[in-house]
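*Asks:* Contents of input-v5.csv (CSV, C-alpha atoms and all ligand atoms) are below:
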```csv
chain,number,residue,atom,x,y,z
A,1,MET,CA,105.6,94.0,113.3
A,2,GLN,CA,108.6,96.3,112.7
A,3,PRO,CA,108.1,100.1,112.9
A,4,LEU,CA,109.0,100.5,109.2
A,5,LEU,CA,106.3,98.1,108.2
A,6,LEU,CA,103.7,99.9,110.4
A,7,LEU,CA,104.7,103.1,108.7
A,8,LEU,CA,104.3,101.6,105.2
A,9,ALA,CA,100.9,100.2,106.2
A,10,THR,CA,99.5,103.6,106.8
A,11,PRO,CA,97.0,104.3,104.0
A,12,GLY,CA,98.2,106.9,101.5
A,13,LEU,CA,96.3,109.8,100.2
A,14,GLY,CA,93.8,109.5,97.3
A,15,ALA,CA,91.2,106.9,96.5
A,16,ASP,CA,90.9,103.9,98.8
A,17,VAL,CA,92.2,100.7,97.3
A,18,GLN,CA,90.1,97.6,97.6
A,19,ALA,CA,92.0,94.6,96.3
A,20,ASP,CA,91.0,91.0,95.6
A,21,LEU,CA,94.2,88.9,95.3
A,22,HIS,CA,92.7,86.0,93.4
A,23,LEU,CA,90.0,86.0,90.8
A,24,ASP,CA,89.5,83.2,88.2
A,25,THR,CA,87.4,85.3,86.0
A,26,PRO,CA,89.7,84.9,83.0
A,27,THR,CA,88.9,81.1,83.0
A,28,GLN,CA,85.2,81.9,83.0
A,29,LEU,CA,85.6,84.4,80.1
A,30,TYR,CA,87.5,81.7,78.2
A,31,ARG,CA,85.0,78.9,78.9
A,32,ARG,CA,81.8,80.9,78.4
A,33,LYS,CA,83.2,83.1,75.6
A,34,ALA,CA,82.0,85.9,77.9
A,35,LEU,CA,83.1,89.5,78.3
A,36,LEU,CA,84.4,91.1,81.5
A,37,ASP,CA,81.4,93.4,81.5
A,38,GLY,CA,79.0,90.5,80.9
A,39,GLU,CA,76.5,88.7,83.1
A,40,GLY,CA,76.4,85.6,85.2
A,41,MET,CA,79.9,85.6,86.8
A,42,GLU,CA,80.9,86.1,90.4
A,43,ALA,CA,83.5,88.8,89.8
A,44,ALA,CA,83.0,90.4,86.4
A,45,LEU,CA,82.9,94.2,86.1
A,46,PRO,CA,79.3,94.6,87.4
A,47,GLN,CA,80.1,92.7,90.6
A,48,LEU,CA,83.4,94.4,91.1
A,49,ARG,CA,81.7,97.8,90.8
A,50,GLU,CA,78.9,96.9,93.1
A,51,GLY,CA,81.2,95.6,95.8
A,52,GLY,CA,83.9,98.3,95.5
A,53,THR,CA,86.8,96.1,94.3
A,54,ASN,CA,89.1,98.4,92.3
A,55,LEU,CA,92.2,96.2,92.1
A,56,ALA,CA,91.5,92.8,90.7
A,57,VAL,CA,94.2,90.1,90.5
A,58,GLU,CA,93.2,88.2,87.4
A,59,VAL,CA,94.5,84.6,87.2
A,60,LEU,CA,96.0,82.6,84.4
A,61,TRP,CA,95.2,79.1,85.4
A,62,PRO,CA,96.5,76.3,83.1
A,63,PRO,CA,94.2,73.2,83.6
A,64,ARG,CA,95.8,69.8,84.2
A,65,ASP,CA,95.0,68.4,80.7
A,66,ALA,CA,95.8,71.5,78.7
A,67,ASP,CA,98.9,72.6,76.8
A,68,TRP,CA,99.9,74.6,79.9
A,69,GLU,CA,102.0,77.4,78.3
A,70,ALA,CA,99.7,77.9,75.3
A,71,HIS,CA,96.6,78.0,77.6
A,72,ALA,CA,98.2,80.6,79.9
A,73,SER,CA,99.0,82.7,76.9
A,74,LYS,CA,95.5,82.4,75.6
A,75,LEU,CA,94.1,83.7,78.9
A,76,PHE,CA,96.6,86.5,78.9
A,77,ASP,CA,95.3,87.4,75.4
A,78,ILE,CA,91.8,87.7,76.8
A,79,ILE,CA,92.9,90.0,79.6
A,80,GLU,CA,94.8,92.2,77.1
A,81,ALA,CA,91.8,92.3,74.8
A,82,GLU,CA,89.5,93.5,77.6
A,83,ASP,CA,92.1,96.0,78.7
A,84,ARG,CA,92.0,97.5,75.2
A,85,ARG,CA,88.2,97.2,74.8
A,86,LEU,CA,87.1,98.6,78.2
A,87,ASP,CA,87.9,102.1,79.4
A,88,ALA,CA,86.9,101.1,82.9
A,89,VAL,CA,89.8,98.6,83.3
A,90,SER,CA,93.5,98.9,82.9
A,91,LEU,CA,96.3,96.4,83.2
A,92,ALA,CA,98.6,97.6,86.0
A,93,ARG,CA,102.2,96.6,86.1
A,94,SER,CA,103.3,98.6,89.2
A,95,PRO,CA,101.7,100.0,92.3
A,96,ALA,CA,101.9,103.4,90.7
A,97,GLU,CA,100.0,102.3,87.6
A,98,ALA,CA,97.3,100.6,89.8
A,99,ARG,CA,96.9,103.8,91.9
A,100,SER,CA,96.5,106.0,88.9
A,101,ALA,CA,93.9,103.7,87.4
A,102,ILE,CA,92.0,103.7,90.7
A,103,GLU,CA,92.3,107.4,91.2
A,104,THR,CA,90.6,108.0,87.9
A,105,GLY,CA,87.7,105.7,88.9
A,106,GLY,CA,88.9,102.6,87.0
A,107,VAL,CA,89.6,99.0,88.0
A,108,ALA,CA,93.3,98.0,88.0
A,109,LEU,CA,93.9,94.5,86.7
A,110,VAL,CA,97.0,92.7,88.0
A,111,VAL,CA,97.9,89.5,86.2
A,112,SER,CA,99.0,86.4,88.1
A,113,MET,CA,99.6,82.8,87.1
A,114,GLU,CA,98.3,79.9,89.3
A,115,GLY,CA,101.0,77.3,89.2
A,116,ALA,CA,104.5,77.4,87.7
A,117,HIS,CA,103.5,74.4,85.5
A,118,GLY,CA,102.5,77.2,83.2
A,119,ILE,CA,106.2,77.7,82.5
A,120,ASP,CA,107.0,74.0,82.7
A,121,ARG,CA,109.0,74.0,79.5
A,122,SER,CA,110.3,77.5,79.3
A,123,GLY,CA,111.2,78.0,83.0
A,124,VAL,CA,113.0,81.2,83.9
A,125,GLU,CA,113.0,82.4,80.3
A,126,GLY,CA,109.2,81.9,80.2
A,127,LEU,CA,108.9,83.9,83.4
A,128,ARG,CA,110.8,86.8,81.8
A,129,ARG,CA,108.5,86.8,78.8
A,130,LEU,CA,105.4,86.8,80.9
A,131,HIS,CA,106.8,89.5,83.1
A,132,ALA,CA,107.5,91.6,80.0
A,133,ARG,CA,103.8,91.1,79.1
A,134,GLY,CA,102.8,92.4,82.6
A,135,LEU,CA,102.7,89.3,84.8
A,136,ARG,CA,103.3,90.4,88.4
A,137,MET,CA,102.4,87.4,90.6
A,138,LEU,CA,103.3,83.7,90.2
A,139,GLY,CA,101.9,80.8,92.2
A,140,LEU,CA,104.6,78.2,92.8
A,141,THR,CA,102.1,75.3,92.3
A,142,TRP,CA,98.5,74.5,91.8
A,143,SER,CA,97.0,71.2,93.0
A,144,PHE,CA,99.9,69.0,91.8
A,145,SER,CA,103.6,69.2,92.4
A,146,ASN,CA,105.7,70.5,89.4
A,147,ARG,CA,109.4,70.6,88.6
A,148,PHE,CA,109.8,73.8,90.7
A,149,ALA,CA,107.9,73.0,94.0
A,150,GLY,CA,105.8,70.6,95.9
A,151,SER,CA,102.0,71.0,96.2
A,152,SER,CA,99.7,70.6,99.2
A,153,GLY,CA,97.4,68.7,96.8
A,154,ASP,CA,99.7,65.6,96.5
A,155,GLY,CA,101.9,65.7,99.6
A,156,GLY,CA,104.8,67.3,97.7
A,157,GLY,CA,108.1,68.5,99.2
A,158,GLY,CA,110.0,71.7,99.1
A,159,LEU,CA,111.6,73.7,96.3
A,160,SER,CA,113.8,72.0,93.7
A,161,ALA,CA,116.9,73.5,92.3
A,162,ASP,CA,114.7,74.8,89.4
A,163,GLY,CA,112.4,76.2,92.0
A,164,TRP,CA,115.2,78.1,93.7
A,165,ALA,CA,116.3,79.6,90.3
A,166,LEU,CA,112.7,80.6,89.7
A,167,LEU,CA,112.3,82.3,93.1
A,168,THR,CA,115.5,84.1,92.6
A,169,GLU,CA,114.4,85.4,89.1
A,170,ALA,CA,111.0,86.4,90.4
A,171,ASN,CA,112.7,88.5,93.1
A,172,ARG,CA,114.9,90.1,90.5
A,173,LEU,CA,112.1,90.8,88.1
A,174,GLY,CA,109.6,92.0,90.7
A,175,VAL,CA,107.1,89.2,90.4
A,176,MET,CA,105.3,88.5,93.7
A,177,VAL,CA,105.8,84.8,94.7
A,178,ASP,CA,102.4,83.2,95.7
A,179,VAL,CA,102.5,80.2,98.1
A,180,SER,CA,98.8,79.3,98.0
A,181,HIS,CA,98.5,75.6,97.0
A,182,ALA,CA,102.2,75.0,97.8
A,183,SER,CA,103.1,72.3,100.3
A,184,ASP,CA,103.9,73.3,103.9
A,185,ARG,CA,107.6,72.8,103.3
A,186,ALA,CA,107.6,74.7,100.0
A,187,THR,CA,105.7,77.5,101.7
A,188,MET,CA,108.2,77.8,104.6
A,189,GLU,CA,111.2,77.6,102.3
A,190,ALA,CA,109.9,80.2,99.8
A,191,CYS,CA,108.9,82.5,102.7
A,192,GLY,CA,112.1,82.0,104.6
A,193,TRP,CA,114.5,82.5,101.7
A,194,SER,CA,112.8,85.0,99.5
A,195,HIS,CA,114.4,88.4,99.4
A,196,ALA,CA,111.0,90.0,98.9
A,197,PRO,CA,107.7,89.6,100.7
A,198,VAL,CA,105.7,86.5,99.6
A,199,VAL,CA,102.0,86.3,99.4
A,200,ALA,CA,99.4,83.6,99.9
A,201,SER,CA,96.9,85.0,97.5
A,202,HIS,CA,93.9,82.8,98.5
A,203,SER,CA,94.5,80.8,101.6
A,204,ASN,CA,92.8,80.5,105.0
A,205,THR,CA,94.0,79.5,108.4
A,206,ASP,CA,94.4,76.0,110.1
A,207,GLY,CA,93.6,77.9,113.3
A,208,ARG,CA,90.0,78.2,112.3
A,209,ARG,CA,89.6,75.3,110.0
A,210,GLU,CA,92.2,72.5,109.5
A,211,HIS,CA,92.5,71.9,105.8
A,212,GLY,CA,95.4,71.0,103.5
A,213,ARG,CA,94.8,74.2,101.6
A,214,ASN,CA,94.9,76.4,104.8
A,215,LEU,CA,98.0,77.9,106.5
A,216,SER,CA,99.6,76.9,109.8
A,217,ASP,CA,100.3,79.6,112.3
A,218,ALA,CA,104.1,79.2,111.6
A,219,ALA,CA,103.4,80.0,107.9
A,220,ILE,CA,101.3,83.0,108.8
A,221,ARG,CA,104.1,84.3,111.0
A,222,CYS,CA,106.7,83.7,108.4
A,223,ILE,CA,104.7,85.6,105.7
A,224,ALA,CA,104.0,88.4,108.1
A,225,ARG,CA,107.6,88.7,109.2
A,226,GLY,CA,108.7,89.2,105.6
A,227,GLY,CA,106.1,91.9,105.0
A,228,GLY,CA,103.8,89.7,102.9
A,229,VAL,CA,100.1,89.4,102.9
A,230,ILE,CA,97.5,86.6,103.0
A,231,GLY,CA,94.2,86.8,101.0
A,232,VAL,CA,91.3,85.2,102.8
A,233,ASN,CA,89.3,82.8,100.6
A,234,VAL,CA,85.5,82.7,100.7
A,235,HIS,CA,85.1,79.0,99.5
A,236,GLY,CA,82.9,77.2,102.1
A,237,ASP,CA,85.2,74.2,102.4
A,238,PHE,CA,88.2,76.3,103.3
A,239,VAL,CA,86.2,78.6,105.6
A,240,GLY,CA,84.4,75.8,107.6
A,241,GLY,CA,82.3,76.6,110.7
A,242,SER,CA,79.0,78.2,109.9
A,243,ARG,CA,80.1,78.9,106.3
A,244,ASP,CA,78.8,82.5,106.4
A,245,VAL,CA,80.2,86.0,106.6
A,246,ALA,CA,80.9,85.5,110.3
A,247,ALA,CA,83.0,82.4,109.6
A,248,VAL,CA,85.0,84.3,107.0
A,249,ALA,CA,85.6,87.1,109.5
A,250,ASP,CA,86.9,84.5,112.0
A,251,HIS,CA,89.8,83.8,109.6
A,252,PHE,CA,90.4,87.6,109.4
A,253,ASP,CA,90.5,87.7,113.2
A,254,HIS,CA,92.9,84.7,113.4
A,255,LEU,CA,95.3,86.2,110.8
A,256,ARG,CA,95.3,89.5,112.7
A,257,SER,CA,96.0,87.8,116.1
A,258,VAL,CA,98.8,85.6,114.8
A,259,GLY,CA,100.5,87.7,112.1
A,260,GLY,CA,99.3,91.3,113.0
A,261,ALA,CA,96.8,93.4,111.0
A,262,GLY,CA,99.4,94.1,108.4
A,263,VAL,CA,99.3,90.6,107.0
A,264,VAL,CA,95.6,90.6,106.2
A,265,ALA,CA,94.0,90.8,102.8
A,266,LEU,CA,91.2,89.3,100.7
A,267,GLY,CA,91.7,86.7,97.9
A,268,SER,CA,88.1,85.5,97.4
A,269,ASP,CA,88.7,82.8,94.7
A,270,TYR,CA,85.5,84.0,92.9
A,271,ASP,CA,84.8,82.4,89.5
A,272,GLY,CA,87.1,79.5,90.5
A,273,LEU,CA,84.3,77.0,90.7
A,274,ILE,CA,84.1,77.5,94.5
A,275,LYS,CA,81.0,77.3,96.7
A,276,PRO,CA,81.0,80.8,98.3
A,277,VAL,CA,79.8,81.1,101.8
A,278,THR,CA,76.2,82.4,102.5
A,279,GLY,CA,76.1,86.2,102.3
A,280,LEU,CA,79.2,86.5,100.0
A,281,GLU,CA,77.9,84.8,96.9
A,282,HIS,CA,79.6,87.2,94.6
A,283,ALA,CA,82.0,90.1,94.6
A,284,GLY,CA,79.1,92.6,94.8
A,285,LYS,CA,78.4,91.5,98.4
A,286,LEU,CA,81.7,92.4,100.0
A,287,ALA,CA,80.3,95.3,102.0
A,288,ALA,CA,78.8,92.7,104.3
A,289,LEU,CA,82.4,91.4,105.1
A,290,TRP,CA,83.8,94.9,105.9
A,291,GLY,CA,80.7,95.7,108.0
A,292,GLU,CA,81.2,92.5,110.0
A,293,LEU,CA,84.9,93.3,110.7
A,294,ARG,CA,83.9,96.9,111.7
A,295,ARG,CA,81.3,95.4,114.1
A,296,ARG,CA,84.1,93.3,115.6
A,297,GLY,CA,86.1,96.4,116.4
A,298,TRP,CA,88.5,96.6,113.5
A,299,THR,CA,89.9,100.1,113.3
A,300,ASP,CA,89.7,102.3,110.2
A,301,ALA,CA,93.4,101.8,109.6
A,302,GLU,CA,93.2,98.0,110.0
A,303,LEU,CA,90.2,97.9,107.6
A,304,ALA,CA,92.0,100.0,105.0
A,305,GLY,CA,94.9,97.7,105.3
A,306,ALA,CA,92.9,94.5,104.9
A,307,ARG,CA,90.9,96.0,102.0
A,308,GLY,CA,93.9,96.9,100.0
A,309,GLU,CA,96.7,98.9,101.5
A,310,ASN,CA,98.5,95.9,103.0
A,311,PHE,CA,98.7,94.4,99.5
A,312,MET,CA,99.9,97.7,98.1
A,313,ARG,CA,102.7,97.9,100.7
A,314,ALA,CA,103.8,94.3,100.0
A,315,TRP,CA,103.8,94.9,96.2
A,316,THR,CA,105.7,98.1,96.6
A,317,ALA,CA,108.3,96.3,98.7
A,318,VAL,CA,108.6,93.6,96.0
A,319,GLU,CA,109.2,96.3,93.5
A,320,ARG,CA,111.9,97.9,95.6
A,321,VAL,CA,113.7,94.6,96.2
A,322,SER,CA,113.6,94.1,92.4
A,323,GLN,CA,115.1,97.5,91.8
A,324,ALA,CA,117.8,96.9,94.4
A,325,LEU,CA,118.7,93.5,92.9
A,326,GLN,CA,118.9,95.1,89.4
A,327,GLY,CA,121.1,97.9,90.8
A,328,LYS,CA,118.6,100.6,89.9
A,329,PRO,CA,118.3,103.7,92.0
A,330,ILE,CA,115.4,103.4,94.5
A,331,HIS,CA,113.0,106.3,94.6
A,401,ZN,ZN,93.5,78.0,93.7
```
Go through the file and emit its structure as structure tokens.
Ligand SMILES: [Zn+2]
*Replies:*
Amino acid sequence: MQPLLLLLATPGLGADVQADLHLDTPTQLYRRKALLDGEGMEAALPQLREGGTNLAVEVLWPPRDADWEAHASKLFDIIEAEDRRLDAVSLARSPAEARSAIETGGVALVVSMEGAHGIDRSGVEGLRRLHARGLRMLGLTWSFSNRFAGSSGDGGGGLSADGWALLTEANRLGVMVDVSHASDRATMEACGWSHAPVVASHSNTDGRREHGRNLSDAAIRCIARGGGVIGVNVHGDFVGGSRDVAAVADHFDHLRSVGGAGVVALGSDYDGLIKPVTGLEHAGKLAALWGELRRRGWTDAELAGARGENFMRAWTAVERVSQALQGKPIH
């Protein structure tokens, strides 16, 4: 890791950030007609509070058989309604807005979209509209290839010309590009050619469990070199091994050994119809994970990074690249 990145990984003053890079709770709110402070979910407000998560990346996921753009918009409506209704949460469009929500004891909601099929018709224009609404992360694909990029779910290839245009515009706007679900080739292309750090919001490591959804060591190194982060997923099939807290911690250890501690984050995938490992059944139980990493010798700084500061560093870098590309003065 370069000295500059080490410096930026140093935790700032103020409240500790604990980020979860991938939560499908908006889909549950939609399907159950539930509320974010309601019961029965894995990462609604009660579980986030119990487990200490204060930065929640909330995902717009357009299902295969839906009108993708309309559905993504409907999920965004739900997040906006909860932002207005609940004092405890606030939609965060920048690292500064997220920190200010967290420092006043709230939960910052960062909006992402899982799969660029959600802007299949509107393309770059659609990305601009969603960005204006507050979208700050975009997954290139979900489980099927789209006109922008190949998916790991169907043996897809790299980025298309439309995908390049989308990546370029995401860099310019300051939307984090998410390579979880992308094919190996699309992952390496996006990571290698993006001007800003890329993230893998909810992906584990082939080094601990070979799986089409997990990342090769080459992909981990590429994301780390660019200053990006990888959110470890708690879905048993992706974790493998003993499918418990220790097995999840093994992926954290592997990421640290291959990409350095600065690449490590959490992207649980809660509320995404997963089978969480034993001991991490919902977001309220995350203390068990941090405790396990501490027992394994992770330092305070490494833990602070994995819990949220690495993500804040990556997001801040994405914002700075955007400002530079738009010719704005960088503060
Ligand atoms: Zn996913």
*Asks:* List as a short mmCIF file (atom, residue, chain, number, x, y, z; two decimals) with C-alpha atoms, keeping the file's coordinate frame the protein and nucleic acid residues lying within 10 Å of ligand ZN 401 (chain A), with only C-alpha atoms and all ligand atoms counted.
*Replies:*
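Done, and the output landed in part07.cif:
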```
data_model
loop_
_atom_site.label_atom_id
_atom_site.label_comp_id
_atom_site.auth_asym_id
_atom_site.auth_seq_id
_atom_site.Cartn_x
_atom_site.Cartn_y
_atom_site.Cartn_z
CA HIS A 22 92.70 86.00 93.40
CA LEU A 23 90.00 86.00 90.80
CA ASP A 24 89.50 83.20 88.20
CA VAL A 59 94.50 84.60 87.20
CA TRP A 61 95.20 79.10 85.40
CA GLU A 114 98.30 79.90 89.30
CA GLY A 115 101.00 77.30 89.20
CA GLY A 139 101.90 80.80 92.20
CA THR A 141 102.10 75.30 92.30
CA TRP A 142 98.50 74.50 91.80
CA SER A 143 97.00 71.20 93.00
CA SER A 180 98.80 79.30 98.00
CA HIS A 181 98.50 75.60 97.00
CA SER A 201 96.90 85.00 97.50
CA HIS A 202 93.90 82.80 98.50
CA SER A 203 94.50 80.80 101.60
CA ARG A 213 94.80 74.20 101.60
CA ASN A 233 89.30 82.80 100.60
CA GLY A 267 91.70 86.70 97.90
CA SER A 268 88.10 85.50 97.40
CA ASP A 269 88.70 82.80 94.70
CA GLY A 272 87.10 79.50 90.50
CA LEU A 273 84.30 77.00 90.70
CA ILE A 274 84.10 77.50 94.50
#
```
*Asks:* Please identify all polymer residues within 12 Å of Leu91 of chain A, counting only C-alpha atoms, omitting same-chain residues fewer than 4 positions from it, and present them as a PyMOL selection string.
*Replies:* chain A and resi 54-58+76-87+95-102+106-112+133-136
*Asks:* Would you export the selected residues with C-alpha atoms as an mmCIF file, keeping the file's coordinate frame, please?
*Replies:*
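This is the output file result05.cif:
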```cif
data_model
loop_
_atom_site.group_PDB
_atom_site.id
_atom_site.type_symbol
_atom_site.label_atom_id
_atom_site.label_comp_id
_atom_site.auth_asym_id
_atom_site.auth_seq_id
_atom_site.Cartn_x
_atom_site.Cartn_y
_atom_site.Cartn_z
ATOM 1 C CA ASN A 54 89.100 98.400 92.300
ATOM 2 C CA LEU A 55 92.200 96.200 92.100
ATOM 3 C CA ALA A 56 91.500 92.800 90.700
ATOM 4 C CA VAL A 57 94.200 90.100 90.500
ATOM 5 C CA GLU A 58 93.200 88.200 87.400
ATOM 6 C CA PHE A 76 96.600 86.500 78.900
ATOM 7 C CA ASP A 77 95.300 87.400 75.400
ATOM 8 C CA ILE A 78 91.800 87.700 76.800
ATOM 9 C CA ILE A 79 92.900 90.000 79.600
ATOM 10 C CA GLU A 80 94.800 92.200 77.100
ATOM 11 C CA ALA A 81 91.800 92.300 74.800
ATOM 12 C CA GLU A 82 89.500 93.500 77.600
ATOM 13 C CA ASP A 83 92.100 96.000 78.700
ATOM 14 C CA ARG A 84 92.000 97.500 75.200
ATOM 15 C CA ARG A 85 88.200 97.200 74.800
ATOM 16 C CA LEU A 86 87.100 98.600 78.200
ATOM 17 C CA ASP A 87 87.900 102.100 79.400
ATOM 18 C CA PRO A 95 101.700 100.000 92.300
ATOM 19 C CA ALA A 96 101.900 103.400 90.700
ATOM 20 C CA GLU A 97 100.000 102.300 87.600
ATOM 21 C CA ALA A 98 97.300 100.600 89.800
ATOM 22 C CA ARG A 99 96.900 103.800 91.900
ATOM 23 C CA SER A 100 96.500 106.000 88.900
ATOM 24 C CA ALA A 101 93.900 103.700 87.400
ATOM 25 C CA ILE A 102 92.000 103.700 90.700
ATOM 26 C CA GLY A 106 88.900 102.600 87.000
ATOM 27 C CA VAL A 107 89.600 99.000 88.000
ATOM 28 C CA ALA A 108 93.300 98.000 88.000
ATOM 29 C CA LEU A 109 93.900 94.500 86.700
ATOM 30 C CA VAL A 110 97.000 92.700 88.000
ATOM 31 C CA VAL A 111 97.900 89.500 86.200
ATOM 32 C CA SER A 112 99.000 86.400 88.100
ATOM 33 C CA ARG A 133 103.800 91.100 79.100
ATOM 34 C CA GLY A 134 102.800 92.400 82.600
ATOM 35 C CA LEU A 135 102.700 89.300 84.800
ATOM 36 C CA ARG A 136 103.300 90.400 88.400
#
```
*Asks:* If we count all atoms listed in the file and set the cut-off at 7 Å, which residues sit around Asp37 of chain A, ignoring sequence neighbours fewer than 6 positions away in its own chain? Please answer as a list in words.
*Replies:*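 Surrounding residues, per the criterion: Ala44, Leu45 and Pro46 of chain A.
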*Asks:* Which residues, written as a list of chain:residue names, have at least one atom at most 8 Å from Gln47 of chain A, with only C-alpha atoms counted and residues fewer than 5 positions away on the same chain left out?
*Replies:*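 Contacts, in chain order: A:Glu42, A:His282, A:Ala283, A:Gly284.
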*Asks:* What's the separation between atom CA of Trp68 of chain A and atom CA of Gly118 of chain A, in Å to one decimal place?
*Replies:*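 Answer for the atom CA of Trp68 of chain A to atom CA of Gly118 of chain A separation: 4.9 Å.
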*Asks:* Just the number, please: distance in Å from atom CA of Ala261 of chain A to atom CA of Glu302 of chain A, one decimal.
*Replies:*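 Straight-line distance from atom CA of Ala261 of chain A to atom CA of Glu302 of chain A works out to 5.9 Å.
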*Asks:* Ranking A:Leu303, A:Val277, A:Val179, A:Ala317 by minimum distance to Asp244 of chain A and counting all atoms listed in the file, which one comes first?
*Replies:*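 Checking each candidate against Asp244 of chain A, we get A:Val277 as the closest.
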*Asks:* Dig up all the protein and nucleic acid residues within 6 Å of (96.6, 93.4, 105.4) in the file frame, using all atoms listed in the file, and format them as an mmCIF file with C-alpha atoms, in the frame of the given file.
*Replies:*
```
data_model
loop_
_atom_site.group_PDB
_atom_site.id
_atom_site.type_symbol
_atom_site.label_atom_id
_atom_site.label_comp_id
_atom_site.auth_asym_id
_atom_site.auth_seq_id
_atom_site.Cartn_x
_atom_site.Cartn_y
_atom_site.Cartn_z
ATOM 1 C CA VAL A 229 100.100 89.400 102.900
ATOM 2 C CA ALA A 261 96.800 93.400 111.000
ATOM 3 C CA GLY A 262 99.400 94.100 108.400
ATOM 4 C CA VAL A 263 99.300 90.600 107.000
ATOM 5 C CA VAL A 264 95.600 90.600 106.200
ATOM 6 C CA ALA A 265 94.000 90.800 102.800
ATOM 7 C CA GLY A 305 94.900 97.700 105.300
ATOM 8 C CA ALA A 306 92.900 94.500 104.900
ATOM 9 C CA ASN A 310 98.500 95.900 103.000
#
```
*Asks:* Rounded to one decimal, what separation in Å do you get between atom CA of Ile230 of chain A and atom CA of Ala200 of chain A?
*Replies:*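 Rounded to one decimal, the two atoms are 4.7 Å apart.
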*Asks:* Considering all atoms listed in the file, return as a PyMOL selection string whatever protein or nucleic-acid residues lie within 12 Å of Ala182 of chain A, sequence-local ones (same chain, fewer than 2 positions apart) excluded.
*Replies:* chain A and resi 114-116+138-146+148-159+163+177-180+184-191+199-203+212-215+219
*Asks:* Nearest to Gln18 of chain A among A:Arg49, A:His211, A:Arg172, A:Arg64, with distances taken over all atoms listed in the file: which residue is it?
*Replies:* A:Arg49
*Asks:* Choose the residue, out of A:Val239, A:Ala15, A:Ile223, A:Ala218, that has the smallest atom-to-atom separation from Ser194 of chain A; count all atoms listed in the file.
*Replies:*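 The closest residue to Ser194 of chain A is A:Ile223.
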*Asks:* Taking only C-alpha atoms into account, which of A:Ala324, A:Asp162, A:Gly236, A:Ala88 comes nearest Glu281 of chain A?
*Replies:*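 The shortest atom-to-atom distance to Glu281 of chain A comes from A:Gly236.
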*Asks:* Could you check the closest approach to Ala247 of chain A for each of A:Val17, A:Leu280, A:Cys222, A:Ala304 and tell me which residue wins, using only C-alpha atoms?
*Replies:* A:Leu280
*Asks:* Which residue out of A:Gly40, A:Gly327, A:Gly14, A:Pro26 has the minimum interatomic distance to Ala72 of chain A when only C-alpha atoms are used?
*Replies:*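 Among A:Gly40, A:Gly327, A:Gly14, A:Pro26, it is A:Pro26 that comes nearest to Ala72 of chain A.
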*Asks:* Around (108.4, 86.5, 80.5) in the file's frame, which residues reach within 12 Å when counting all atoms listed in the file? Return as an MDAnalysis selection string?
*Replies:* chainID A and resid 69 72:73 76 113 118:119 122:138 166 169:170 173:175
